[in-house]
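Note sheet for the following structure.
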2 protein chains.
Amino acid sequence: MKNPPALEQLVESLRCLPGVGPKSAQRMAYHLLQRDRKGANGLAIALDNALQVVAHCRSCNTFSEQPICPLCAADSRDQSLLCVVEMPTDLMMMENTQAYEGLYFVLLGRLSPLDGVGPKEIHLDKLIKRAQDGIVQEVILATNYTVEGDATAHYISELLRSRGIKTSRIARGMPMGGEIEYVDSGTLAQAMMERRSVK
Amino acid sequence: MKNPPALEQLVESLRCLPGVGPKSAQRMAYHLLQRDRKGANGLAIALDNALQVVAHCRSCNTFSEQPICPLCAADSRDQSLLCVVEMPTDLMMMENTQAYEGLYFVLLGRLSPLDGVGPKEIHLDKLIKRAQDGIVQEVILATNYTVEGDATAHYISELLRSRGIKTSRIARGMPMGGEIEYVDSGTLAQAMMERRSVK
């Protein structure tokens, strides 16, 4: 027993969404066709529209409808600080903290030789050019503290320091409200090693 | 910090999918735009196409591209048996067992007065007409064994029996390979009450 071809095609197409397997794709397709045809139509339109108008900012690589995103174009930002993140989501998270006034550079990935992601794929040429523009004074590496994110930060810091550019890495340590009893031992060990003197 | 409008619209539109909240919608949108634009385009096309060509079978209500679905149109099926299920998925599951040769009627829902789903919304007029066509000899109620599915089966069986139509309900009991130690007590109690004599 099989679905009609157009329905089967929809189920198959829904599987391009991350985290959607055959069962949930079928559930989604049935839901859309039976209960939310308006939503399905809206989704088709939104997909078309987003594919047409959303591209990457030429300056920082984040998603943008303009060639240069509003954040890069803003005069109010501190042009001397450049924060390097892996993904547009990371940029958003950082912005939501309201603790950073500088500009960003989004790698759109992390070094991962096994997956064929090398320095070129994460736009390092562009980053180096940008960091050497004479305006940027410090590059802050805010890649994830995973093995790959850390290796990426290390690689970038080597590249930049050999060119005389000041680099820093966001701090590691106990999370806000964290209890020593429940924090993992790796984090606790780092928090101990990177302890700061109390003034 | 907000996404560009077209991206925000896509995130919002993805939330029409069942089980997709704000976080996963954003993850999906980012994934599509950054890593799978081809898939996103395919999804938009599949949605459009399915909305245009997939409708409900006039006879059994399941999804079909033809006015009468291939299953209802097949001569090989036993026309005297009519199996009532809640959803097209249930029909598919039943077909996959290869244990049933008759026809189906899909309610496209279950009685749920609190949600505004009454006898009309689950097409009971059509079901009664169908059951009284002189060809159908037995109506098998295969709604879920949930409170609502069971109430629906009860309601339908009352309607049909008052019209002299033979009705039956799929059996309840231990699942295949089920161990008494691990089965829930409701199921076990039912299996005990509905025990069959060994011949």
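Just remember, in the structure tokens the first chain shown is A, the second B, etc., residues are 1-based per chain, and ligands are 1-based in the order shown.
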
**OP:** Pull the helix (DSSP H, G or I) assignments for region 4-122 of chain A out of DSSP run on the backbone, and list those residues as a ChimeraX atom specification.
**Re:** /A:5-14,22-35,37-53,70-73,88-97,113-115

**OP:** Return as a PyMOL selection string the residues belonging to chain B that are within 7 Å of chain A, counting only C-alpha atoms.
**Re:** chain B and resi 1+4+6-7+9-10+13-14+16-18+28+33+39-44+46-51+54+64-65+92+95-96

**OP:** Please measure the separation of CA of Gly118 (chain B) and CA of Tyr155 (chain B), giving the value in Å to one decimal.
**Re:** 10.8 Å

Original post:
Counting only C-alpha atoms, what is within 12 Å of His154 (chain B), bar same-chain residues fewer than 3 positions away, as an MDAnalysis selection string?
Top reply: chainID B and resid 110:111 140:151 157:161 167:169

Skip Asp78 (chain B) itself and residues of its chain fewer than 4 positions away, then list as a PDB file with C-alpha atoms, in the first residue's frame all residues within 8 Å of it, counting only C-alpha atoms.
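Full text of around-v5.pdb as output:
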```pdb
ATOM      1  CA  GLU B 101      -9.395  -7.912   1.966  1.00  0.00           C
ATOM      2  CA  GLY B 102     -12.358  -5.553   2.270  1.00  0.00           C
ATOM      3  CA  LEU B 103     -12.922  -1.845   1.718  1.00  0.00           C
TER       4      LEU B 103
END
```

**OP:** Enter the distance from CA of Arg130 (chain B) to CA of Val106 (chain B), in Å, rounded to one decimal.
**Re:**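 We find that CA of Arg130 (chain B) and CA of Val106 (chain B) lie 12.1 Å from each other.
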
**OP:** May I have the residues within 12 Å of Gly186 (chain B) as a count of residues only, using only C-alpha atoms and disregarding those fewer than 5 positions away in the same chain?
**Re:** 9

Original post:
Looking only at the backbone, which of the residues in region 53-147 of chain B does DSSP tag as strand (DSSP E or B), as a list in words?
Top reply: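 Assigned to strand (DSSP E or B), within region 53-147 of chain B: Ala55, His56, Phe63, Ser64, Asp78, Gln79, Ser80, Leu81, Leu82, Cys83, Val84, Val85, Gly102, Leu103, Tyr104, Phe105, Val106, Ser112, Val117, Glu138, Val139, Ile140 and Leu141 of chain B.
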
Write a file of the just-selected residues containing N, CA, C and O atoms, as a PDB file, in the first residue's frame.
```
ATOM      1  N   ALA B  55      -6.379  15.111  -3.250  1.00  0.00           N
ATOM      2  CA  ALA B  55      -7.651  15.404  -2.585  1.00  0.00           C
ATOM      3  C   ALA B  55      -8.107  14.127  -1.882  1.00  0.00           C
ATOM      4  O   ALA B  55      -7.291  13.224  -1.667  1.00  0.00           O
ATOM      5  N   HIS B  56      -9.363  14.083  -1.480  1.00  0.00           N
ATOM      6  CA  HIS B  56      -9.858  12.895  -0.790  1.00  0.00           C
ATOM      7  C   HIS B  56     -10.708  12.039  -1.727  1.00  0.00           C
ATOM      8  O   HIS B  56     -11.459  12.561  -2.551  1.00  0.00           O
ATOM      9  N   PHE B  63      -6.552   9.893   1.153  1.00  0.00           N
ATOM     10  CA  PHE B  63      -5.897  10.763   0.175  1.00  0.00           C
ATOM     11  C   PHE B  63      -5.834  10.066  -1.174  1.00  0.00           C
ATOM     12  O   PHE B  63      -5.519   8.877  -1.247  1.00  0.00           O
ATOM     13  N   SER B  64      -6.136  10.813  -2.232  1.00  0.00           N
ATOM     14  CA  SER B  64      -6.114  10.221  -3.559  1.00  0.00           C
ATOM     15  C   SER B  64      -5.927  11.298  -4.607  1.00  0.00           C
ATOM     16  O   SER B  64      -6.341  12.435  -4.428  1.00  0.00           O
ATOM     17  N   ASP B  78     -13.018  -7.398  -1.252  1.00  0.00           N
ATOM     18  CA  ASP B  78     -14.307  -7.907  -0.790  1.00  0.00           C
ATOM     19  C   ASP B  78     -15.242  -6.734  -0.496  1.00  0.00           C
ATOM     20  O   ASP B  78     -15.078  -6.024   0.490  1.00  0.00           O
ATOM     21  N   GLN B  79     -16.244  -6.538  -1.358  1.00  0.00           N
ATOM     22  CA  GLN B  79     -17.124  -5.378  -1.253  1.00  0.00           C
ATOM     23  C   GLN B  79     -18.082  -5.459  -0.059  1.00  0.00           C
ATOM     24  O   GLN B  79     -18.755  -4.485   0.268  1.00  0.00           O
ATOM     25  N   SER B  80     -18.153  -6.636   0.566  1.00  0.00           N
ATOM     26  CA  SER B  80     -19.139  -6.806   1.638  1.00  0.00           C
ATOM     27  C   SER B  80     -18.590  -6.388   3.007  1.00  0.00           C
ATOM     28  O   SER B  80     -19.332  -6.318   3.980  1.00  0.00           O
ATOM     29  N   LEU B  81     -17.280  -6.125   3.066  1.00  0.00           N
ATOM     30  CA  LEU B  81     -16.673  -5.711   4.337  1.00  0.00           C
ATOM     31  C   LEU B  81     -16.264  -4.242   4.269  1.00  0.00           C
ATOM     32  O   LEU B  81     -15.650  -3.817   3.293  1.00  0.00           O
ATOM     33  N   LEU B  82     -16.620  -3.493   5.317  1.00  0.00           N
ATOM     34  CA  LEU B  82     -16.248  -2.074   5.355  1.00  0.00           C
ATOM     35  C   LEU B  82     -15.553  -1.795   6.684  1.00  0.00           C
ATOM     36  O   LEU B  82     -16.143  -1.960   7.754  1.00  0.00           O
ATOM     37  N   CYS B  83     -14.284  -1.418   6.611  1.00  0.00           N
ATOM     38  CA  CYS B  83     -13.499  -1.172   7.819  1.00  0.00           C
ATOM     39  C   CYS B  83     -13.429   0.339   8.061  1.00  0.00           C
ATOM     40  O   CYS B  83     -12.963   1.090   7.200  1.00  0.00           O
ATOM     41  N   VAL B  84     -13.885   0.782   9.231  1.00  0.00           N
ATOM     42  CA  VAL B  84     -13.896   2.210   9.555  1.00  0.00           C
ATOM     43  C   VAL B  84     -12.651   2.562  10.361  1.00  0.00           C
ATOM     44  O   VAL B  84     -12.432   2.004  11.440  1.00  0.00           O
ATOM     45  N   VAL B  85     -11.825   3.471   9.829  1.00  0.00           N
ATOM     46  CA  VAL B  85     -10.634   3.915  10.558  1.00  0.00           C
ATOM     47  C   VAL B  85     -10.677   5.430  10.737  1.00  0.00           C
ATOM     48  O   VAL B  85     -11.444   6.121  10.080  1.00  0.00           O
ATOM     49  N   GLY B 102     -11.164  -6.352   2.558  1.00  0.00           N
ATOM     50  CA  GLY B 102     -12.358  -5.553   2.270  1.00  0.00           C
ATOM     51  C   GLY B 102     -12.053  -4.109   1.923  1.00  0.00           C
ATOM     52  O   GLY B 102     -10.931  -3.755   1.573  1.00  0.00           O
ATOM     53  N   LEU B 103     -13.065  -3.263   2.017  1.00  0.00           N
ATOM     54  CA  LEU B 103     -12.922  -1.845   1.718  1.00  0.00           C
ATOM     55  C   LEU B 103     -12.807  -1.026   3.006  1.00  0.00           C
ATOM     56  O   LEU B 103     -12.938  -1.571   4.099  1.00  0.00           O
ATOM     57  N   TYR B 104     -12.577   0.256   2.843  1.00  0.00           N
ATOM     58  CA  TYR B 104     -12.380   1.126   4.011  1.00  0.00           C
ATOM     59  C   TYR B 104     -13.322   2.320   3.988  1.00  0.00           C
ATOM     60  O   TYR B 104     -13.862   2.694   2.948  1.00  0.00           O
ATOM     61  N   PHE B 105     -13.460   2.917   5.178  1.00  0.00           N
ATOM     62  CA  PHE B 105     -14.069   4.243   5.265  1.00  0.00           C
ATOM     63  C   PHE B 105     -13.247   5.030   6.281  1.00  0.00           C
ATOM     64  O   PHE B 105     -13.102   4.618   7.437  1.00  0.00           O
ATOM     65  N   VAL B 106     -12.675   6.155   5.831  1.00  0.00           N
ATOM     66  CA  VAL B 106     -11.812   6.955   6.704  1.00  0.00           C
ATOM     67  C   VAL B 106     -12.621   8.137   7.264  1.00  0.00           C
ATOM     68  O   VAL B 106     -13.145   8.953   6.509  1.00  0.00           O
ATOM     69  N   SER B 112     -15.106  14.428  19.097  1.00  0.00           N
ATOM     70  CA  SER B 112     -14.440  15.155  20.160  1.00  0.00           C
ATOM     71  C   SER B 112     -15.194  16.461  20.364  1.00  0.00           C
ATOM     72  O   SER B 112     -14.806  17.502  19.844  1.00  0.00           O
ATOM     73  N   VAL B 117     -15.711  18.700  17.169  1.00  0.00           N
ATOM     74  CA  VAL B 117     -15.828  17.642  16.167  1.00  0.00           C
ATOM     75  C   VAL B 117     -17.029  16.766  16.508  1.00  0.00           C
ATOM     76  O   VAL B 117     -16.998  15.979  17.457  1.00  0.00           O
ATOM     77  N   GLU B 138     -20.994  -6.146   6.672  1.00  0.00           N
ATOM     78  CA  GLU B 138     -20.451  -5.987   8.016  1.00  0.00           C
ATOM     79  C   GLU B 138     -19.568  -4.738   8.065  1.00  0.00           C
ATOM     80  O   GLU B 138     -18.741  -4.523   7.171  1.00  0.00           O
ATOM     81  N   VAL B 139     -19.754  -3.945   9.104  1.00  0.00           N
ATOM     82  CA  VAL B 139     -18.908  -2.767   9.308  1.00  0.00           C
ATOM     83  C   VAL B 139     -17.966  -3.063  10.476  1.00  0.00           C
ATOM     84  O   VAL B 139     -18.412  -3.367  11.589  1.00  0.00           O
ATOM     85  N   ILE B 140     -16.662  -3.012  10.199  1.00  0.00           N
ATOM     86  CA  ILE B 140     -15.662  -3.308  11.223  1.00  0.00           C
ATOM     87  C   ILE B 140     -15.121  -1.987  11.773  1.00  0.00           C
ATOM     88  O   ILE B 140     -14.563  -1.177  11.026  1.00  0.00           O
ATOM     89  N   LEU B 141     -15.303  -1.744  13.057  1.00  0.00           N
ATOM     90  CA  LEU B 141     -14.869  -0.481  13.644  1.00  0.00           C
ATOM     91  C   LEU B 141     -13.420  -0.605  14.101  1.00  0.00           C
ATOM     92  O   LEU B 141     -13.122  -1.311  15.073  1.00  0.00           O
TER      93      LEU B 141
END
```

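Going from CA of Ser59 (chain B) to CA of Tyr100 (chain B) covers 18.0 Å.
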